[in-house]
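Everything on this sheet refers to the single structure shown next.
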Amino acid sequence: MRAQSPFRWRLAAAIAILGTLGLAAAGSLTCLLELRRTDARIADSLGRSVAELHNYATAHATSSLERIITGAVAQSVNASYECTLGAVPPSAWTHAGSAQMCRRVLADPELVVALADSTSGAVRVHHLDTDTGGYAYVGVGVRSAAQSDAQGVYAVVVDRAAQRAEVYHSYLWGFLPLALITVLVTAAGGWVAAGLILRPLSILAASTQRVARGADGAPDIGRRVVADGPPEVVALARAMNAMLDSLQAAWESQRRFLDDAGHELRTPLTVISGHLEILDVNDPADVAAARDLALDEIDRMRRLTDSLVALAQVERAGRANLSLTHLAPWFDEVVDKARALGARQWRVEARAEAWALVDQHLLTGALLELAANAVKHSPEGSRIAFGLAQEGAWARVWVADAGSGVDPADRERIFRRFERGRRDANRSQGAGLGLAIVAKILQAHGGVVYHEEAPGGGSVFTLALPAVEPPAMDAPTLEPATLEPATLEPSAPARPTLKPPTLGQAGADAEPAQTGES
């Protein structure tokens, strides 16, 4: 939580700064609009004064010019910031309104000259800034029917600067304190909101630290982070958990690989070491025997290492690169390859036009492993039969041999790592990983591999795959698909409800018997 406090401060400060900038912009705009409204009110007031003069002059058109100007000035109503003046040059100015305001106007020669000159041209509002202040004024030339050769001046002056100062004062002492209080409240609210926003992240960080450190200080990759909070935080937690799943799977695969390698390689290394210790280097026969034994054990270690690497690669992949496959042509190719494994009577008992989503490379390896297993556990010249069938939602491929078979108690155990059947006459050959690799490959396809006893002795190993409907002739080409592997151990494969094949039961319609080694 302490590590997140600076960010919480920054987040709260950012919220407060944004609020301040928003209030400043709103206040400045409000002040500008109020100044414009003030100028509009001044112009409206000056316009009304001109209208009042016009009405008075019309009503007293027969009066003298001095009387008209004096009467118009006298009857004017002025606010504290206004002064109405009138004169018939070269007479002195008569005025009405605030005495202080009128004194300032008459004491400003620049303004007085501007008032006298304002009668030329159209009547309009003028703005003038002098040393005594800023003013808005309007001047009107006045004539009388009785004195057509003379012209008087009628002017109204407003202290524009004072009115604008009132707006600034109101903004400074009215809006700014309120804005300051608002900023403080916004900052406090931002602090609280930042805490609420960061709390799920704090929980996620604490949960991640527990995974990283564990109870004894070592990483506990079996633990998962808490997925709670807003959808974005939940998505982040789930992504982290998925990453931990991958790390755990990789770590467990590596640990199994090291454990298996250490366990299985210890025996051949011990055998080689023991024979080298008692080797009589002066006895050629003893040296030759030790050499043959060492080479044999080294070859066994090589086969073991290859099997371990293959199993680790299948486990590390986690899923197969599946694509829609017509199984019949693939099945024919694999059967042709299998005939090179040994001198047996190779048969095809059944061949169906089945379709499935498979990784052909992995599935070929699995079927060839079953074929090699059948060769290893059956006598030379015996029959080995292949079959491809589809029943309901399953497509199944099997290999049947006439070998020693598998003890019923071992039918699930043989799919575990380094396990062999008790009837295995070649227990010293191989590492006991072949069927475990096959089970992993089928697991990646969403299928299973299982064993059945063949009538008359022998074994039938079946690969059961989820079948799919064949594509229509005018259907577009399907993109390769991926399928998540099932989370089950290969030691206990689940069997689909299929009728197990029997050796030779479909041989009547099968292709003729073939023998040969390749």
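Residue numbers start at 1 in each chain; chains themselves are named A, B, ... in the order of the structure tokens; ligands are numbered from 1 in the order shown.
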
**OP:** Would you list the contacts of range 148-159 of chain A as JSON, numbers by chain, taking every protein, DNA or RNA residue within 8 Å and counting only C-alpha atoms, but skipping same-chain residues closer than 6 positions in sequence?
**Re:** {"A": [42, 46, 49, 65, 66, 69, 73, 81, 82, 83, 84, 85, 86, 87, 88, 89, 101, 105, 115, 116, 119, 133, 134, 135, 136, 137, 138, 139, 140, 141, 142]}

**OP:** Can you pull out every residue within 7 Å of range 390-404 of chain A, counting only C-alpha atoms, but drop anything in the same chain fewer than 4 positions away, and send it as a list in words?
**Re:** Ala352, Ala354, Leu370, Ala371, Ala374, His377, Ser378, Pro379, Ser382, Arg383, Ile384, Ala385, Phe386, Arg423, Gly457, Gly458, Ser459, Val460, Phe461, Thr462, Leu463, Ala464, Leu465, Pro466, Ala467 and Leu503 of chain A

Generate the output file for the selected residues, N, CA, C and O atoms, as an mmCIF file, in the first residue's frame.
```cif
data_model
loop_
_atom_site.group_PDB
_atom_site.id
_atom_site.type_symbol
_atom_site.label_atom_id
_atom_site.label_comp_id
_atom_site.auth_asym_id
_atom_site.auth_seq_id
_atom_site.Cartn_x
_atom_site.Cartn_y
_atom_site.Cartn_z
ATOM 1 N N ALA A 352 -12.918 -46.605 -42.687
ATOM 2 C CA ALA A 352 -14.123 -45.779 -42.834
ATOM 3 C C ALA A 352 -13.734 -44.399 -43.364
ATOM 4 O O ALA A 352 -12.596 -43.955 -43.227
ATOM 5 N N ALA A 354 -13.984 -41.392 -42.328
ATOM 6 C CA ALA A 354 -14.238 -40.551 -41.158
ATOM 7 C C ALA A 354 -13.463 -39.234 -41.266
ATOM 8 O O ALA A 354 -12.438 -39.142 -41.946
ATOM 9 N N LEU A 370 2.073 -47.114 -31.236
ATOM 10 C CA LEU A 370 1.285 -48.319 -30.940
ATOM 11 C C LEU A 370 1.700 -49.479 -31.835
ATOM 12 O O LEU A 370 1.747 -50.636 -31.391
ATOM 13 N N ALA A 371 1.996 -49.160 -33.116
ATOM 14 C CA ALA A 371 2.441 -50.227 -34.015
ATOM 15 C C ALA A 371 3.781 -50.791 -33.568
ATOM 16 O O ALA A 371 3.993 -52.023 -33.574
ATOM 17 N N ALA A 374 3.245 -53.006 -30.689
ATOM 18 C CA ALA A 374 2.705 -54.313 -31.089
ATOM 19 C C ALA A 374 3.804 -55.213 -31.637
ATOM 20 O O ALA A 374 3.828 -56.431 -31.376
ATOM 21 N N HIS A 377 5.926 -56.678 -28.763
ATOM 22 C CA HIS A 377 5.299 -57.647 -27.864
ATOM 23 C C HIS A 377 4.600 -58.777 -28.603
ATOM 24 O O HIS A 377 3.765 -59.470 -28.024
ATOM 25 N N SER A 378 4.912 -58.994 -29.869
ATOM 26 C CA SER A 378 4.305 -60.115 -30.605
ATOM 27 C C SER A 378 5.404 -60.906 -31.310
ATOM 28 O O SER A 378 6.447 -60.339 -31.679
ATOM 29 N N PRO A 379 5.197 -62.187 -31.518
ATOM 30 C CA PRO A 379 6.234 -63.004 -32.177
ATOM 31 C C PRO A 379 6.333 -62.688 -33.665
ATOM 32 O O PRO A 379 5.390 -62.212 -34.295
ATOM 33 N N SER A 382 3.561 -63.092 -36.737
ATOM 34 C CA SER A 382 2.183 -63.041 -36.249
ATOM 35 C C SER A 382 1.436 -61.883 -36.930
ATOM 36 O O SER A 382 2.022 -61.050 -37.622
ATOM 37 N N ARG A 383 0.163 -61.856 -36.695
ATOM 38 C CA ARG A 383 -0.680 -60.850 -37.360
ATOM 39 C C ARG A 383 -0.790 -59.582 -36.516
ATOM 40 O O ARG A 383 -0.953 -59.641 -35.293
ATOM 41 N N ILE A 384 -0.713 -58.450 -37.190
ATOM 42 C CA ILE A 384 -0.998 -57.142 -36.585
ATOM 43 C C ILE A 384 -2.013 -56.463 -37.497
ATOM 44 O O ILE A 384 -1.777 -56.316 -38.700
ATOM 45 N N ALA A 385 -3.148 -56.075 -36.911
ATOM 46 C CA ALA A 385 -4.243 -55.526 -37.707
ATOM 47 C C ALA A 385 -4.503 -54.076 -37.310
ATOM 48 O O ALA A 385 -4.440 -53.708 -36.131
ATOM 49 N N PHE A 386 -4.800 -53.293 -38.332
ATOM 50 C CA PHE A 386 -5.197 -51.890 -38.150
ATOM 51 C C PHE A 386 -6.679 -51.755 -38.479
ATOM 52 O O PHE A 386 -7.218 -52.512 -39.287
ATOM 53 N N ARG A 423 3.260 -58.567 -17.843
ATOM 54 C CA ARG A 423 3.497 -59.612 -18.846
ATOM 55 C C ARG A 423 4.566 -59.196 -19.854
ATOM 56 O O ARG A 423 4.846 -59.937 -20.802
ATOM 57 N N GLY A 457 -6.227 -63.958 -27.151
ATOM 58 C CA GLY A 457 -4.955 -63.439 -26.652
ATOM 59 C C GLY A 457 -4.469 -62.265 -27.471
ATOM 60 O O GLY A 457 -4.789 -62.117 -28.645
ATOM 61 N N GLY A 458 -3.674 -61.449 -26.865
ATOM 62 C CA GLY A 458 -3.166 -60.271 -27.544
ATOM 63 C C GLY A 458 -3.831 -59.003 -27.031
ATOM 64 O O GLY A 458 -4.646 -59.024 -26.097
ATOM 65 N N SER A 459 -3.487 -57.904 -27.643
ATOM 66 C CA SER A 459 -3.955 -56.597 -27.190
ATOM 67 C C SER A 459 -4.548 -55.808 -28.338
ATOM 68 O O SER A 459 -4.150 -55.971 -29.496
ATOM 69 N N VAL A 460 -5.503 -54.961 -27.984
ATOM 70 C CA VAL A 460 -6.060 -53.998 -28.929
ATOM 71 C C VAL A 460 -5.949 -52.613 -28.267
ATOM 72 O O VAL A 460 -6.557 -52.368 -27.224
ATOM 73 N N PHE A 461 -5.137 -51.754 -28.856
ATOM 74 C CA PHE A 461 -5.015 -50.371 -28.389
ATOM 75 C C PHE A 461 -5.803 -49.477 -29.351
ATOM 76 O O PHE A 461 -5.591 -49.532 -30.564
ATOM 77 N N THR A 462 -6.716 -48.676 -28.790
ATOM 78 C CA THR A 462 -7.623 -47.857 -29.599
ATOM 79 C C THR A 462 -7.406 -46.373 -29.306
ATOM 80 O O THR A 462 -7.336 -45.970 -28.142
ATOM 81 N N LEU A 463 -7.303 -45.598 -30.389
ATOM 82 C CA LEU A 463 -7.286 -44.142 -30.291
ATOM 83 C C LEU A 463 -8.691 -43.655 -30.632
ATOM 84 O O LEU A 463 -9.160 -43.848 -31.753
ATOM 85 N N ALA A 464 -9.367 -43.042 -29.663
ATOM 86 C CA ALA A 464 -10.719 -42.531 -29.882
ATOM 87 C C ALA A 464 -10.653 -41.012 -30.001
ATOM 88 O O ALA A 464 -10.148 -40.327 -29.109
ATOM 89 N N LEU A 465 -11.176 -40.489 -31.131
ATOM 90 C CA LEU A 465 -11.128 -39.054 -31.431
ATOM 91 C C LEU A 465 -12.539 -38.531 -31.652
ATOM 92 O O LEU A 465 -13.378 -39.246 -32.211
ATOM 93 N N PRO A 466 -12.819 -37.292 -31.237
ATOM 94 C CA PRO A 466 -14.132 -36.703 -31.558
ATOM 95 C C PRO A 466 -14.282 -36.549 -33.077
ATOM 96 O O PRO A 466 -13.459 -35.913 -33.729
ATOM 97 N N ALA A 467 -15.317 -37.152 -33.638
ATOM 98 C CA ALA A 467 -15.540 -37.073 -35.086
ATOM 99 C C ALA A 467 -16.296 -35.798 -35.427
ATOM 100 O O ALA A 467 -17.010 -35.234 -34.593
ATOM 101 N N LEU A 503 -9.455 -58.987 -33.173
ATOM 102 C CA LEU A 503 -8.474 -59.335 -34.177
ATOM 103 C C LEU A 503 -9.095 -60.239 -35.232
ATOM 104 O O LEU A 503 -9.565 -61.327 -34.942
#
```

**OP:** Would you work out the distance separating CA of Ser45 in chain A from CA of Val125 in chain A, expressed in Å to one decimal?
**Re:**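 So the two atoms, CA of Ser45 in chain A and CA of Val125 in chain A, lie 10.4 Å apart.
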
Original post:
Between CA of Gly434 in chain A and CA of Gly342 in chain A, what is the spacing in Å?
Top reply: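 A separation of 17.6 Å between them.
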
Would you pick out the contacts of Val167 in chain A at 8 Å or less, using only C-alpha atoms, so that residues sharing its chain but fewer than 4 positions from it are not included, and give the list as a PDB file with all heavy atoms, in the first residue's frame?
```pdb
ATOM      1  N   CYS A  31     -16.617  36.086 -15.902  1.00  0.00           N
ATOM      2  CA  CYS A  31     -16.195  37.474 -15.716  1.00  0.00           C
ATOM      3  C   CYS A  31     -16.231  38.243 -17.041  1.00  0.00           C
ATOM      4  O   CYS A  31     -16.696  39.389 -17.102  1.00  0.00           O
ATOM      5  CB  CYS A  31     -14.797  37.499 -15.111  1.00  0.00           C
ATOM      6  SG  CYS A  31     -14.159  39.144 -14.753  1.00  0.00           S
ATOM      7  N   GLU A  34     -19.751  39.035 -17.916  1.00  0.00           N
ATOM      8  CA  GLU A  34     -20.292  40.077 -17.056  1.00  0.00           C
ATOM      9  C   GLU A  34     -19.776  41.447 -17.464  1.00  0.00           C
ATOM     10  O   GLU A  34     -20.515  42.451 -17.425  1.00  0.00           O
ATOM     11  CB  GLU A  34     -19.940  39.784 -15.597  1.00  0.00           C
ATOM     12  CG  GLU A  34     -20.593  40.713 -14.601  1.00  0.00           C
ATOM     13  CD  GLU A  34     -22.107  40.638 -14.649  1.00  0.00           C
ATOM     14  OE1 GLU A  34     -22.655  39.552 -14.980  1.00  0.00           O
ATOM     15  OE2 GLU A  34     -22.759  41.673 -14.358  1.00  0.00           O
ATOM     16  N   LEU A  35     -18.504  41.530 -17.887  1.00  0.00           N
ATOM     17  CA  LEU A  35     -17.969  42.803 -18.368  1.00  0.00           C
ATOM     18  C   LEU A  35     -18.700  43.255 -19.630  1.00  0.00           C
ATOM     19  O   LEU A  35     -18.996  44.457 -19.797  1.00  0.00           O
ATOM     20  CB  LEU A  35     -16.470  42.664 -18.650  1.00  0.00           C
ATOM     21  CG  LEU A  35     -15.568  42.515 -17.411  1.00  0.00           C
ATOM     22  CD1 LEU A  35     -14.137  42.233 -17.854  1.00  0.00           C
ATOM     23  CD2 LEU A  35     -15.631  43.762 -16.545  1.00  0.00           C
ATOM     24  N   GLN A 163     -17.434  50.907 -12.913  1.00  0.00           N
ATOM     25  CA  GLN A 163     -18.380  49.803 -13.078  1.00  0.00           C
ATOM     26  C   GLN A 163     -17.664  48.490 -13.358  1.00  0.00           C
ATOM     27  O   GLN A 163     -18.034  47.453 -12.810  1.00  0.00           O
ATOM     28  CB  GLN A 163     -19.354  50.138 -14.230  1.00  0.00           C
ATOM     29  CG  GLN A 163     -20.239  51.318 -13.944  1.00  0.00           C
ATOM     30  CD  GLN A 163     -21.713  50.972 -14.185  1.00  0.00           C
ATOM     31  OE1 GLN A 163     -22.117  49.809 -14.174  1.00  0.00           O
ATOM     32  NE2 GLN A 163     -22.505  51.999 -14.383  1.00  0.00           N
ATOM     33  N   TYR A 171     -15.896  39.311  -8.654  1.00  0.00           N
ATOM     34  CA  TYR A 171     -15.230  38.067  -9.049  1.00  0.00           C
ATOM     35  C   TYR A 171     -14.166  37.669  -8.026  1.00  0.00           C
ATOM     36  O   TYR A 171     -14.031  36.508  -7.655  1.00  0.00           O
ATOM     37  CB  TYR A 171     -14.592  38.260 -10.424  1.00  0.00           C
ATOM     38  CG  TYR A 171     -13.831  37.058 -10.952  1.00  0.00           C
ATOM     39  CD1 TYR A 171     -14.494  35.965 -11.491  1.00  0.00           C
ATOM     40  CD2 TYR A 171     -12.447  37.024 -10.899  1.00  0.00           C
ATOM     41  CE1 TYR A 171     -13.807  34.870 -11.966  1.00  0.00           C
ATOM     42  CE2 TYR A 171     -11.733  35.925 -11.372  1.00  0.00           C
ATOM     43  CZ  TYR A 171     -12.414  34.857 -11.907  1.00  0.00           C
ATOM     44  OH  TYR A 171     -11.721  33.773 -12.369  1.00  0.00           O
TER      45      TYR A 171
END
```

**OP:** List every residue of range 56-196 of chain A that DSSP, applied to the backbone, labels as alpha helix (DSSP H), and write the result as a ChimeraX atom specification.
**Re:** /A:56-59,65-75,99-106,109-117,160-170,176-196

Original post:
Closest to Thr58 in chain A among A:Ala350, A:Ala12, A:Leu106, A:Ala145, using only C-alpha atoms?
Top reply: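 Residue with the minimum atom-to-atom distance to Thr58 in chain A: A:Ala145.
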
**OP:** Compile the contact shell of Thr182 in chain A as a PyMOL selection string: residues with an atom at most 10 Å away, counting only C-alpha atoms, same-chain residues fewer than 5 positions apart removed.
**Re:** chain A and resi 16+19-20+23+176-177+187-188
